[in-house]
file run_37.cif (mmCIF, C-alpha atoms and all ligand atoms)
data_target
loop_
_atom_site.label_atom_id
_atom_site.label_comp_id
_atom_site.auth_asym_id
_atom_site.auth_seq_id
_atom_site.Cartn_x
_atom_site.Cartn_y
_atom_site.Cartn_z
CA MET A 1 0.00 0.00 0.00
CA PRO A 2 1.27 3.48 -0.87
CA GLY A 3 2.86 6.01 1.43
CA LEU A 4 2.78 9.81 1.19
CA ASP A 5 5.99 9.94 -0.82
CA ASP A 6 5.02 7.41 -3.49
CA HIS A 7 4.33 8.44 -7.07
CA LEU A 8 0.79 8.21 -8.40
CA HIS A 9 0.39 6.97 -11.99
CA LEU A 10 -2.78 8.35 -13.56
CA PRO A 11 -4.61 6.46 -16.32
CA CYS A 12 -3.65 9.20 -18.83
CA GLY A 13 0.05 8.39 -18.25
CA VAL A 14 0.90 11.41 -16.10
CA VAL A 15 2.80 10.68 -12.89
CA LEU A 16 2.24 12.79 -9.76
CA LYS A 17 5.32 13.00 -7.58
CA ASN A 18 3.64 12.16 -4.26
CA ARG A 19 0.21 11.58 -2.73
CA ILE A 20 -0.56 15.05 -1.34
CA ALA A 21 -2.73 17.53 -3.26
CA LYS A 22 -3.58 21.10 -2.45
CA ALA A 23 -7.38 20.76 -2.63
CA ALA A 24 -9.42 23.21 -4.70
CA MET A 25 -9.92 26.54 -3.00
CA SER A 26 -11.61 29.56 -4.45
CA ASP A 27 -9.04 32.15 -3.34
CA ASP A 28 -10.96 35.29 -4.37
CA LEU A 29 -7.66 36.74 -5.59
CA GLY A 30 -8.43 37.20 -9.28
CA ASP A 31 -8.40 40.76 -10.60
CA GLY A 32 -12.21 41.05 -10.77
CA CYS A 33 -11.99 40.66 -14.56
CA GLY A 34 -11.25 36.92 -14.61
CA SER A 35 -7.46 37.16 -14.82
CA PRO A 36 -4.75 36.19 -12.32
CA THR A 37 -2.88 38.61 -10.07
CA GLU A 38 0.59 38.76 -8.57
CA ALA A 39 -0.97 37.73 -5.24
CA GLN A 40 -2.00 34.43 -6.83
CA GLN A 41 1.48 33.97 -8.27
CA ARG A 42 2.93 34.39 -4.79
CA LEU A 43 0.36 32.07 -3.19
CA TYR A 44 0.68 29.27 -5.73
CA GLY A 45 4.46 29.68 -5.67
CA LEU A 46 4.37 29.05 -1.91
CA TRP A 47 2.31 25.90 -2.42
CA ALA A 48 4.66 24.69 -5.17
CA ALA A 49 7.66 25.25 -2.90
CA GLY A 50 5.72 23.54 -0.10
CA GLY A 51 5.96 20.13 -1.74
CA ALA A 52 2.41 19.06 -2.69
CA ALA A 53 2.32 17.03 -5.90
CA MET A 54 -0.63 18.89 -7.35
CA SER A 55 -2.39 22.16 -6.76
CA LEU A 56 -5.99 22.79 -7.79
CA VAL A 57 -7.33 26.28 -8.46
CA GLY A 58 -10.91 26.31 -7.21
CA GLU A 59 -13.79 27.64 -9.29
CA THR A 60 -12.00 28.49 -12.52
CA GLN A 61 -14.98 29.57 -14.56
CA ILE A 62 -15.88 28.10 -17.93
CA GLY A 63 -17.43 31.45 -18.82
CA PRO A 64 -18.21 34.78 -17.16
CA TRP A 65 -21.98 34.25 -16.77
CA ALA A 66 -22.26 32.23 -13.56
CA PRO A 67 -19.27 32.76 -11.25
CA GLU A 68 -19.13 31.50 -7.70
CA ASN A 69 -17.45 34.80 -6.86
CA TYR A 70 -16.11 37.83 -8.72
CA GLY A 71 -12.55 36.94 -7.73
CA ASN A 72 -12.72 33.73 -9.87
CA LEU A 73 -10.52 33.22 -12.90
CA VAL A 74 -12.25 32.86 -16.28
CA LEU A 75 -11.06 30.46 -18.99
CA GLU A 76 -13.32 31.64 -21.80
CA PRO A 77 -12.80 34.33 -22.94
CA LEU A 78 -9.17 33.88 -21.95
CA ARG A 79 -7.74 37.36 -21.54
CA GLU A 80 -4.33 38.43 -20.20
CA ILE A 81 -2.73 35.14 -21.22
CA LYS A 82 0.66 36.38 -20.02
CA HIS A 83 -0.73 36.65 -16.48
CA PHE A 84 -1.98 33.06 -16.70
CA HIS A 85 1.45 31.96 -17.92
CA ALA A 86 3.17 33.81 -15.07
CA LEU A 87 0.81 32.11 -12.60
CA ALA A 88 1.43 28.69 -14.15
CA GLU A 89 5.19 29.22 -14.05
CA ALA A 90 5.07 29.95 -10.31
CA ALA A 91 2.58 27.17 -9.58
CA THR A 92 4.41 24.43 -11.49
CA ALA A 93 7.82 25.06 -9.87
CA ASN A 94 9.31 22.05 -8.10
CA GLY A 95 7.57 19.61 -10.47
CA THR A 96 4.12 20.50 -9.13
CA HIS A 97 1.05 19.74 -11.19
CA PHE A 98 -1.32 22.67 -11.54
CA TRP A 99 -4.95 21.90 -12.35
CA ALA A 100 -7.93 24.15 -13.03
CA GLN A 101 -11.23 23.22 -11.45
CA LEU A 102 -13.80 23.91 -14.16
CA GLY A 103 -16.71 25.72 -12.53
CA HIS A 104 -20.18 27.07 -13.28
CA ALA A 105 -22.17 27.99 -10.18
CA GLY A 106 -25.69 27.56 -11.65
CA ALA A 107 -28.28 28.62 -9.08
CA LEU A 108 -25.50 29.60 -6.66
CA ALA A 109 -23.93 32.13 -9.03
CA VAL A 110 -23.37 35.64 -7.72
CA PRO A 111 -25.53 38.12 -9.64
CA VAL A 112 -24.14 39.03 -13.03
CA SER A 113 -26.83 39.84 -15.54
CA GLY A 114 -30.40 38.59 -15.32
CA PRO A 115 -31.49 35.64 -13.20
CA ALA A 116 -29.21 32.71 -12.39
CA LYS A 117 -29.73 29.58 -14.51
CA ALA A 118 -30.16 26.08 -13.14
CA PRO A 119 -31.50 22.68 -14.21
CA SER A 120 -34.95 23.62 -12.90
CA VAL A 121 -36.66 26.69 -11.50
CA LEU A 122 -35.58 27.47 -7.96
CA ASP A 123 -37.00 29.97 -5.53
CA VAL A 124 -35.73 29.42 -1.98
CA SER A 125 -34.01 31.45 0.73
CA GLY A 126 -33.07 34.35 -1.50
CA ILE A 127 -31.97 32.10 -4.39
CA HIS A 128 -33.88 32.58 -7.61
CA ALA A 129 -33.00 30.67 -10.74
CA VAL A 130 -34.74 30.02 -14.03
CA GLU A 131 -34.62 26.72 -15.90
CA MET A 132 -31.94 26.33 -18.56
CA THR A 133 -33.35 25.69 -22.01
CA ALA A 134 -32.53 22.37 -23.69
CA GLU A 135 -30.39 24.35 -26.11
CA GLU A 136 -28.39 25.91 -23.26
CA VAL A 137 -27.84 22.52 -21.63
CA GLY A 138 -26.90 20.91 -24.94
CA ALA A 139 -24.21 23.57 -25.47
CA LEU A 140 -22.46 22.85 -22.16
CA PRO A 141 -20.26 19.87 -23.21
CA ASP A 142 -18.61 22.00 -25.93
CA ILE A 143 -18.25 24.94 -23.56
CA TYR A 144 -16.51 22.81 -20.91
CA ALA A 145 -14.27 21.34 -23.61
CA LYS A 146 -13.28 24.79 -24.89
CA ALA A 147 -12.52 25.90 -21.34
CA ALA A 148 -10.37 22.80 -20.77
CA LEU A 149 -8.46 23.50 -23.97
CA ASN A 150 -7.94 27.10 -22.89
CA ALA A 151 -6.80 25.87 -19.47
CA ARG A 152 -4.09 23.88 -21.21
CA SER A 153 -3.02 26.91 -23.32
CA ALA A 154 -2.98 29.01 -20.17
CA GLY A 155 -0.41 26.68 -18.59
CA PHE A 156 -2.57 24.42 -16.44
CA THR A 157 -1.37 20.82 -16.53
CA GLY A 158 -4.78 19.24 -15.88
CA VAL A 159 -8.43 19.99 -15.18
CA GLU A 160 -11.03 18.89 -12.65
CA ILE A 161 -14.71 19.03 -13.59
CA HIS A 162 -16.54 20.39 -10.54
CA ALA A 163 -19.70 18.36 -9.92
CA ALA A 164 -19.85 18.78 -6.13
CA HIS A 165 -20.85 21.27 -3.42
CA GLY A 166 -24.19 22.37 -4.86
CA PHE A 167 -22.90 24.07 -8.02
CA LEU A 168 -24.31 23.54 -11.53
CA LEU A 169 -23.29 19.95 -12.27
CA ASN A 170 -24.15 18.87 -8.72
CA GLN A 171 -27.55 20.53 -9.25
CA PHE A 172 -28.02 18.41 -12.39
CA LEU A 173 -27.10 15.25 -10.47
CA SER A 174 -29.44 16.06 -7.58
CA PRO A 175 -33.09 14.94 -7.52
CA LEU A 176 -33.75 17.98 -5.34
CA PHE A 177 -32.66 20.54 -7.91
CA ASN A 178 -33.11 18.65 -11.19
CA ARG A 179 -36.78 18.11 -11.98
CA ARG A 180 -36.36 18.15 -15.75
CA THR A 181 -38.41 15.88 -17.93
CA ASP A 182 -36.07 15.92 -20.94
CA ARG A 183 -33.05 13.61 -21.41
CA TRP A 184 -31.07 15.36 -18.63
CA GLY A 185 -33.65 14.72 -15.88
CA GLY A 186 -35.48 11.83 -14.24
CA SER A 187 -33.61 8.67 -13.26
CA PRO A 188 -30.13 8.84 -11.68
CA GLU A 189 -28.66 7.79 -15.06
CA ARG A 190 -30.43 10.64 -16.83
CA ARG A 191 -29.40 13.18 -14.19
CA ALA A 192 -25.80 12.01 -14.66
CA GLN A 193 -26.05 12.23 -18.44
CA LEU A 194 -24.84 15.84 -18.71
CA LEU A 195 -21.76 15.15 -16.57
CA LEU A 196 -20.92 12.07 -18.66
CA GLU A 197 -21.33 14.04 -21.90
CA ILE A 198 -19.07 16.78 -20.52
CA ILE A 199 -16.38 14.28 -19.53
CA ALA A 200 -16.47 12.70 -22.99
CA SER A 201 -16.33 16.08 -24.70
CA VAL A 202 -13.46 17.35 -22.53
CA ARG A 203 -11.47 14.13 -23.02
CA SER A 204 -11.90 14.06 -26.79
CA THR A 205 -10.85 17.71 -26.99
CA VAL A 206 -7.76 17.68 -24.74
CA GLY A 207 -6.59 14.27 -25.95
CA PRO A 208 -5.51 11.13 -24.10
CA GLY A 209 -2.45 12.41 -22.20
CA PHE A 210 -3.93 15.32 -20.23
CA PRO A 211 -5.27 14.73 -16.69
CA VAL A 212 -9.05 15.09 -16.38
CA ALA A 213 -10.49 14.63 -12.87
CA VAL A 214 -14.00 15.00 -11.49
CA LYS A 215 -15.11 16.17 -8.03
CA ILE A 216 -18.32 14.62 -6.71
CA ASN A 217 -20.27 14.58 -3.48
CA ALA A 218 -20.46 11.42 -1.38
CA THR A 219 -23.62 13.02 0.00
CA ASP A 220 -25.10 16.48 -0.44
CA GLN A 221 -25.93 16.55 3.29
CA LEU A 222 -29.21 18.12 2.22
CA ALA A 223 -32.66 16.52 2.69
CA GLY A 224 -33.81 15.28 -0.72
CA GLY A 225 -30.34 15.58 -2.25
CA ILE A 226 -27.87 12.89 -3.32
CA GLU A 227 -27.12 10.24 -0.74
CA GLU A 228 -24.37 7.67 -0.61
CA ALA A 229 -26.16 4.84 -2.45
CA GLU A 230 -26.80 7.04 -5.48
CA ALA A 231 -23.31 8.57 -5.31
CA LEU A 232 -21.87 5.04 -5.42
CA ASP A 233 -23.90 4.31 -8.57
CA LEU A 234 -22.42 7.49 -10.04
CA VAL A 235 -18.93 6.21 -9.22
CA ALA A 236 -19.78 3.04 -11.18
CA MET A 237 -20.83 5.22 -14.13
CA LEU A 238 -17.57 7.19 -13.89
CA GLU A 239 -15.65 3.90 -14.05
CA GLU A 240 -16.82 3.62 -17.67
CA THR A 241 -15.40 7.04 -18.61
CA GLU A 242 -11.88 8.21 -19.41
CA ILE A 243 -11.52 10.12 -16.17
CA ASP A 244 -8.16 10.06 -14.35
CA LEU A 245 -9.17 10.70 -10.76
CA ILE A 246 -12.37 10.86 -8.72
CA ASP A 247 -12.14 13.53 -6.03
CA ILE A 248 -14.67 12.79 -3.27
CA SER A 249 -16.20 15.52 -1.16
CA GLY A 250 -19.62 16.39 0.24
CA GLY A 251 -21.97 19.12 1.38
CA ALA A 252 -23.23 22.20 -0.40
CA TYR A 253 -23.01 25.96 -0.23
CA PHE A 254 -26.81 26.39 -0.24
CA PRO A 255 -28.08 28.53 2.67
CA GLY A 256 -28.66 26.30 5.67
CA ALA A 257 -26.69 23.36 4.22
CA ALA A 258 -23.42 21.97 5.58
CA ALA A 259 -20.27 22.86 3.62
CA ALA A 260 -17.07 20.82 4.01
CA SER A 261 -14.95 23.96 4.32
CA ASP A 262 -17.10 25.32 7.16
CA GLY A 263 -17.04 22.08 9.14
CA THR A 264 -15.35 21.94 12.49
CA LYS A 265 -16.10 18.34 13.35
CA ALA A 266 -13.29 15.82 13.59
CA GLY A 267 -12.20 14.31 10.28
CA PRO A 268 -11.27 12.84 7.90
CA TYR A 269 -14.82 13.04 6.55
CA PHE A 270 -15.27 10.82 3.49
CA LEU A 271 -13.08 7.74 3.96
CA ASP A 272 -15.94 5.31 4.60
CA PHE A 273 -17.50 6.34 1.33
CA ALA A 274 -14.15 6.05 -0.45
CA ARG A 275 -13.80 2.47 0.81
CA MET A 276 -17.22 1.63 -0.65
CA ALA A 277 -16.35 3.44 -3.88
CA ARG A 278 -13.30 1.16 -4.22
CA ASN A 279 -15.67 -1.72 -4.87
CA ARG A 280 -17.25 0.16 -7.77
CA THR A 281 -14.21 1.54 -9.59
CA GLY A 282 -10.55 1.01 -10.31
CA LYS A 283 -10.00 4.75 -10.91
CA PRO A 284 -7.62 6.61 -8.61
CA LEU A 285 -9.54 8.11 -5.70
CA MET A 286 -8.80 11.28 -3.78
CA THR A 287 -10.60 12.89 -0.91
CA ALA A 288 -10.20 16.17 0.92
CA GLY A 289 -11.98 16.96 4.13
CA GLY A 290 -10.85 17.08 7.71
CA PHE A 291 -7.23 15.91 7.37
CA LYS A 292 -5.24 17.61 10.11
CA LYS A 293 -2.42 15.24 10.96
CA LYS A 294 0.15 13.32 8.98
CA ALA A 295 -0.91 10.05 10.64
CA GLU A 296 -4.46 10.52 9.32
CA ALA A 297 -3.21 11.03 5.78
CA GLU A 298 -0.89 8.03 6.01
CA GLU A 299 -3.68 5.85 7.34
CA ALA A 300 -6.04 6.94 4.52
CA LEU A 301 -3.43 5.78 1.98
CA SER A 302 -2.10 2.70 3.73
CA SER A 303 -5.60 1.38 4.46
CA GLY A 304 -6.24 1.48 0.72
CA ALA A 305 -9.20 3.88 1.06
CA VAL A 306 -7.75 6.54 -1.26
CA ASP A 307 -4.80 7.07 -3.60
CA MET A 308 -4.39 10.79 -2.96
CA VAL A 309 -5.04 12.98 0.04
CA GLY A 310 -6.31 16.52 -0.49
CA LEU A 311 -5.59 19.26 2.02
CA ALA A 312 -7.34 22.61 1.99
CA ARG A 313 -7.39 24.41 5.34
CA ALA A 314 -4.23 22.70 6.60
CA LEU A 315 -2.37 24.22 3.62
CA VAL A 316 -3.82 27.66 4.30
CA LEU A 317 -2.39 27.50 7.79
CA ASP A 318 0.95 26.25 6.48
CA PRO A 319 1.68 26.01 2.72
CA ALA A 320 4.95 24.21 3.55
CA LEU A 321 3.22 21.36 5.41
CA PRO A 322 3.61 18.65 2.70
CA GLY A 323 7.39 19.00 2.76
CA LYS A 324 7.38 18.75 6.55
CA TRP A 325 5.27 15.59 6.42
CA LEU A 326 7.49 14.10 3.71
CA ARG A 327 10.71 14.99 5.56
CA GLU A 328 9.24 13.67 8.82
CA THR A 329 9.99 16.78 10.84
CA GLY A 330 7.06 15.97 13.11
CA GLU A 331 5.53 19.42 12.64
CA GLU A 332 1.76 19.78 12.37
CA SER A 333 -0.49 22.78 11.67
CA VAL A 334 -2.19 24.38 14.64
CA PHE A 335 -5.87 24.83 13.82
CA PRO A 336 -7.71 27.87 15.19
CA ARG A 337 -10.70 27.55 17.49
CA PHE A 338 -13.56 29.88 16.67
CA SER A 339 -15.76 31.28 19.42
CA SER A 340 -18.63 31.86 16.98
CA ARG A 341 -19.51 30.21 13.68
CA PRO A 342 -21.93 32.24 11.59
CA PRO A 343 -22.74 30.53 8.25
CA GLY A 344 -19.79 30.83 5.87
CA GLY A 345 -17.66 32.41 8.57
CA VAL A 346 -14.99 29.71 8.82
CA THR A 347 -14.57 29.61 5.04
CA ALA A 348 -14.34 33.42 4.97
CA TRP A 349 -11.68 33.34 7.71
CA TYR A 350 -9.56 30.97 5.61
CA THR A 351 -10.19 33.06 2.49
CA GLU A 352 -8.71 36.04 4.31
CA ARG A 353 -5.61 34.01 5.26
CA LEU A 354 -5.20 33.15 1.57
CA ARG A 355 -5.25 36.86 0.81
CA GLN A 356 -2.57 37.49 3.43
CA TRP A 357 -0.27 34.80 2.02
CA GLY A 358 -0.80 36.15 -1.49
CA THR A 359 -0.32 39.79 -0.57
CA HIS A 360 2.44 39.59 2.02
CA GLY A 361 3.91 36.10 1.70
CA ALA A 362 2.90 35.54 5.34
CA ALA A 363 -0.34 35.09 7.25
CA ASP A 364 -1.35 35.50 10.87
CA GLY A 365 -3.89 33.50 12.84
CA GLN A 366 -5.67 36.65 13.97
CA GLY A 367 -9.06 38.16 13.25
CA SER A 368 -12.58 36.97 13.89
CA VAL A 369 -14.88 35.17 11.50
CA GLU A 370 -17.19 38.21 11.61
CA GLU A 371 -14.39 40.51 10.40
CA ALA A 372 -13.53 38.00 7.68
CA LEU A 373 -17.15 37.83 6.50
CA ALA A 374 -17.28 41.64 6.36
CA GLN A 375 -14.03 41.81 4.35
CA VAL A 376 -15.21 39.15 1.90
CA GLU A 377 -18.49 41.04 1.46
CA ARG A 378 -16.73 44.39 0.88
CA ARG A 379 -14.53 42.82 -1.78
CA LYS A 380 -17.54 41.22 -3.40
CA ILE A 381 -19.18 44.62 -3.83
CA SER A 382 -16.12 46.26 -5.39
CA ASN A 383 -15.28 43.28 -7.62
CA ALA A 384 -18.91 42.98 -8.79
CA ALA A 385 -18.64 46.35 -10.49
CA LEU A 386 -15.36 45.39 -12.18
CA TRP A 387 -16.73 42.04 -13.39
CA LYS A 388 -19.97 43.40 -14.79
CA ASN A 389 -18.21 46.23 -16.58
CA HIS A 390 -15.47 44.02 -17.99
CA PHE A 391 -17.70 41.22 -19.28
CA ARG A 392 -20.79 43.22 -20.24
CA THR A 393 -20.41 42.39 -23.94
CA GLU A 394 -20.39 38.65 -23.11
CA PHE A 395 -23.81 38.44 -21.43
C1 LIG B 1 -11.37 29.12 1.53
C2 LIG B 1 -11.89 27.85 0.91
C3 LIG B 1 -12.33 27.86 -0.39
C4 LIG B 1 -12.78 26.69 -0.99
N1 LIG B 1 -13.14 26.70 -2.32
C5 LIG B 1 -13.42 25.53 -2.95
C6 LIG B 1 -13.59 25.50 -4.35
O1 LIG B 1 -13.48 26.49 -5.05
N2 LIG B 1 -13.88 24.30 -4.92
C7 LIG B 1 -13.99 23.15 -4.19
O2 LIG B 1 -14.25 22.09 -4.76
N3 LIG B 1 -13.83 23.16 -2.85
C8 LIG B 1 -13.52 24.32 -2.23
N4 LIG B 1 -13.27 24.31 -0.90
C9 LIG B 1 -13.41 23.04 -0.16
C10 LIG B 1 -12.10 22.29 -0.07
O3 LIG B 1 -11.63 21.86 -1.32
C11 LIG B 1 -12.25 21.07 0.83
O4 LIG B 1 -13.13 20.16 0.20
C12 LIG B 1 -12.79 21.42 2.21
O5 LIG B 1 -12.22 22.61 2.73
C13 LIG B 1 -12.51 20.30 3.20
O6 LIG B 1 -11.11 20.05 3.26
P1 LIG B 1 -10.20 20.56 4.51
O7 LIG B 1 -10.79 19.95 5.73
O8 LIG B 1 -8.81 20.07 4.18
O9 LIG B 1 -10.30 22.04 4.55
C14 LIG B 1 -12.82 25.48 -0.26
C15 LIG B 1 -12.36 25.48 1.06
C16 LIG B 1 -11.89 26.64 1.64
C17 LIG B 1 -11.40 26.59 3.07
#

call {"tool": "encode", "arguments": {"input": "run_37.cif", "output": "structure tokens"}}
result
Amino acid sequence: MPGLDDHLHLPCGVVLKNRIAKAAMSDDLGDGCGSPTEAQQRLYGLWAAGGAAMSLVGETQIGPWAPENYGNLVLEPLREIKHFHALAEAATANGTHFWAQLGHAGALAVPVSGPAKAPSVLDVSGIHAVEMTAEEVGALPDIYAKAALNARSAGFTGVEIHAAHGFLLNQFLSPLFNRRTDRWGGSPERRAQLLLEIIASVRSTVGPGFPVAVKINATDQLAGGIEEAEALDLVAMLEETEIDLIDISGGAYFPGAAAASDGTKAGPYFLDFARMARNRTGKPLMTAGGFKKKAEAEEALSSGAVDMVGLARALVLDPALPGKWLRETGEESVFPRFSSRPPGGVTAWYTERLRQWGTHGAADGQGSVEEALAQVERRKISNAALWKNHFRTEF
């Protein structure tokens, strides 16, 4: 059974240098116009120096119409290519793989122009979305493929199709949000159809040697959403595709739902599901969620549950942690304790630490979740104006 320092051979032929990934995190550090900044170069440079085998940029948008936040990068239209290349150069130092997580927020998109679009009409807790037309849905496989191709031109060395956490493709998979009666709705197979078409389209466009991963939920942790039995059937469907890695997560960013990045319960979270998924697929499996200590990561690998361990918050606290684990220095990250936990507050606190690393090359453990939420909100307001002005001809 593998250890942290073992290579991982992906089905496409690419070899990752060890078993630690920097999990996808939306860093909110884009320039508000979909292009990378020097702060991102610094941040991804720190992670590359830190020793993880692969670094995923969260929520890299396939277009400007449905971002998760206005600090996201945008792959189509791909502007400021030299800034993408500078980011990729920093992020791929030290033999690090650098993958773009292909995102479209669907009903969870921040406002851009007109109502958000989703598989079916949605009108809950301040979220309003209209149903995508069959034509709009049918166009998505080509749009994801174009974005993946642009990701490769921009210097990314792989892509991950984001089908977790309540965003567009998770909405299509979910019986709660997908009530369509056309070929993309109904049975679990039909709700998975769009994701399978996107995987096929991305693979045929980028070719056989480029890593293509997918992130799915083990459970949406939402009444009426996807539960483990159905997620395992999805894993069996993914086994038949040309995917390189299945990245297992859970939860959603819908108001009132549990999100993995806001969780404070003891982890790791998704290993039991990963063990069951093993019986349904031979694809490499990764999970992020709740890893705090080296021993937990080692156990996840040596028990055979997963092939790759993803770290998000641990690598915000210390981007150099993988190297310390691999060199056996015995050092661990010290996780903060929060006296209050308003919804989204923990994620916002970590987002602010990402900003500190990117801006100053250092981060403190100070500040409350309330201050972090206020800072994230202020940035959202100023970046919204930039985004809408910059992309107005695209809507
Ligand atoms: C600040 C922040 C931003 C995140 N953004 C994303 C994202 O863009 N895409 C994604 O799939 N997960 C995102 N996540 C979730 C992480 O990838 C991960 O699944 C979750 O934080 C649990 O892992 P951890 O316990 O190691 O933090 C984010 C997490 C944090 C803390």

call {"tool": "closest_residue", "arguments": {"input": "run_37.cif", "among": "A:Gln101, A:Thr157, A:Asn69, A:Thr133", "to": "His85 of chain A", "atoms": "only C-alpha atoms"}}
result
A:Thr157

call {"tool": "atom_distance", "arguments": {"input": "run_37.cif", "atom1": "atom CA of Leu108 of chain A", "atom2": "atom C6 of ligand LIG 1 (chain B)"}}
result
12.8 Å

call {"tool": "closest_residue", "arguments": {"input": "run_37.cif", "among": "A:Pro336, A:Gly58, A:Gly367, A:Gly282", "to": "ligand LIG 1 (chain B)", "atoms": "only C-alpha atoms and all ligand atoms"}}
result
A:Gly58

call {"tool": "closest_residue", "arguments": {"input": "run_37.cif", "among": "A:Val206, A:Ala231, A:Ala274, A:Ala116", "to": "Asn170 of chain A", "atoms": "all atoms listed in the file"}}
result
A:Ala231

call {"tool": "closest_residue", "arguments": {"input": "run_37.cif", "among": "A:Met1, A:Ile127, A:Leu315, A:Leu73", "to": "ligand LIG 1 (chain B)", "atoms": "only C-alpha atoms and all ligand atoms"}}
result
A:Leu315

call {"tool": "atom_distance", "arguments": {"input": "run_37.cif", "atom1": "atom CA of Ala24 of chain A", "atom2": "atom CA of Gly323 of chain A"}}
result
18.9 Å

call {"tool": "axis_aligned_box", "arguments": {"input": "run_37.cif", "around": "ligand LIG 1 (chain B)", "padding_each_side": "3 Å", "output": "AutoDock Vina command-line options"}}
result
--center_x -11.5 --center_y 24.5 --center_z 0.3 --size_x 11.4 --size_y 15.2 --size_z 16.8

call {"tool": "closest_residue", "arguments": {"input": "run_37.cif", "among": "A:Trp65, A:Ala348, A:Ala300, A:Ile161", "to": "Pro115 of chain A", "atoms": "only C-alpha atoms"}}
result
A:Trp65

call {"tool": "atom_distance", "arguments": {"input": "run_37.cif", "atom1": "atom CA of Met54 of chain A", "atom2": "atom CA of Ala88 of chain A"}}
result
12.1 Å

call {"tool": "residues_near_ligand", "arguments": {"input": "run_37.cif", "ligand": "ligand LIG 1 (chain B)", "cutoff": "6 Å", "atoms": "only C-alpha atoms and all ligand atoms", "output": "mmCIF file with C-alpha atoms, in the coordinates of the input"}}
result
data_model
loop_
_atom_site.group_PDB
_atom_site.id
_atom_site.type_symbol
_atom_site.label_atom_id
_atom_site.label_comp_id
_atom_site.auth_asym_id
_atom_site.auth_seq_id
_atom_site.Cartn_x
_atom_site.Cartn_y
_atom_site.Cartn_z
ATOM 1 C CA ALA A 23 -7.380 20.760 -2.630
ATOM 2 C CA ALA A 24 -9.420 23.210 -4.700
ATOM 3 C CA MET A 25 -9.920 26.540 -3.000
ATOM 4 C CA SER A 26 -11.610 29.560 -4.450
ATOM 5 C CA GLY A 58 -10.910 26.310 -7.210
ATOM 6 C CA GLU A 59 -13.790 27.640 -9.290
ATOM 7 C CA SER A 249 -16.200 15.520 -1.160
ATOM 8 C CA ALA A 260 -17.070 20.820 4.010
ATOM 9 C CA SER A 261 -14.950 23.960 4.320
ATOM 10 C CA ALA A 288 -10.200 16.170 0.920
ATOM 11 C CA GLY A 289 -11.980 16.960 4.130
ATOM 12 C CA GLY A 290 -10.850 17.080 7.710
ATOM 13 C CA PHE A 291 -7.230 15.910 7.370
ATOM 14 C CA LEU A 311 -5.590 19.260 2.020
ATOM 15 C CA ALA A 312 -7.340 22.610 1.990
ATOM 16 C CA ARG A 313 -7.390 24.410 5.340
ATOM 17 C CA ALA A 314 -4.230 22.700 6.600
ATOM 18 C CA THR A 347 -14.570 29.610 5.040
ATOM 19 C CA TYR A 350 -9.560 30.970 5.610
ATOM 20 C CA THR A 351 -10.190 33.060 2.490
#

call {"tool": "residues_around", "arguments": {"input": "run_37.cif", "residues": "Tyr44 of chain A", "least_positions_apart": "3", "cutoff": "7 Å", "atoms": "all atoms listed in the file", "output": "ChimeraX atom specification"}}
result
/A:40-41,47-48,90-91

call {"tool": "write_last_selection", "arguments": {"input": "run_37.cif", "atoms": "C-alpha atoms", "output": "mmCIF file, in the coordinates of the input"}}
result
data_model
loop_
_atom_site.group_PDB
_atom_site.id
_atom_site.type_symbol
_atom_site.label_atom_id
_atom_site.label_comp_id
_atom_site.auth_asym_id
_atom_site.auth_seq_id
_atom_site.Cartn_x
_atom_site.Cartn_y
_atom_site.Cartn_z
ATOM 1 C CA GLN A 40 -2.000 34.430 -6.830
ATOM 2 C CA GLN A 41 1.480 33.970 -8.270
ATOM 3 C CA TRP A 47 2.310 25.900 -2.420
ATOM 4 C CA ALA A 48 4.660 24.690 -5.170
ATOM 5 C CA ALA A 90 5.070 29.950 -10.310
ATOM 6 C CA ALA A 91 2.580 27.170 -9.580
#

call {"tool": "closest_residue", "arguments": {"input": "run_37.cif", "among": "A:Asp272, A:Glu370, A:Asp123, A:Glu352", "to": "Asp27 of chain A", "atoms": "all atoms listed in the file"}}
result
A:Glu352

call {"tool": "residues_around", "arguments": {"input": "run_37.cif", "residues": "His97 of chain A", "least_positions_apart": "2", "cutoff": "8 Å", "atoms": "all atoms listed in the file", "output": "list of chain:residue names"}}
result
A:Leu16, A:Ala53, A:Met54, A:Ser55, A:Ala91, A:Thr92, A:Gly95, A:Trp99, A:Phe156, A:Thr157, A:Gly158
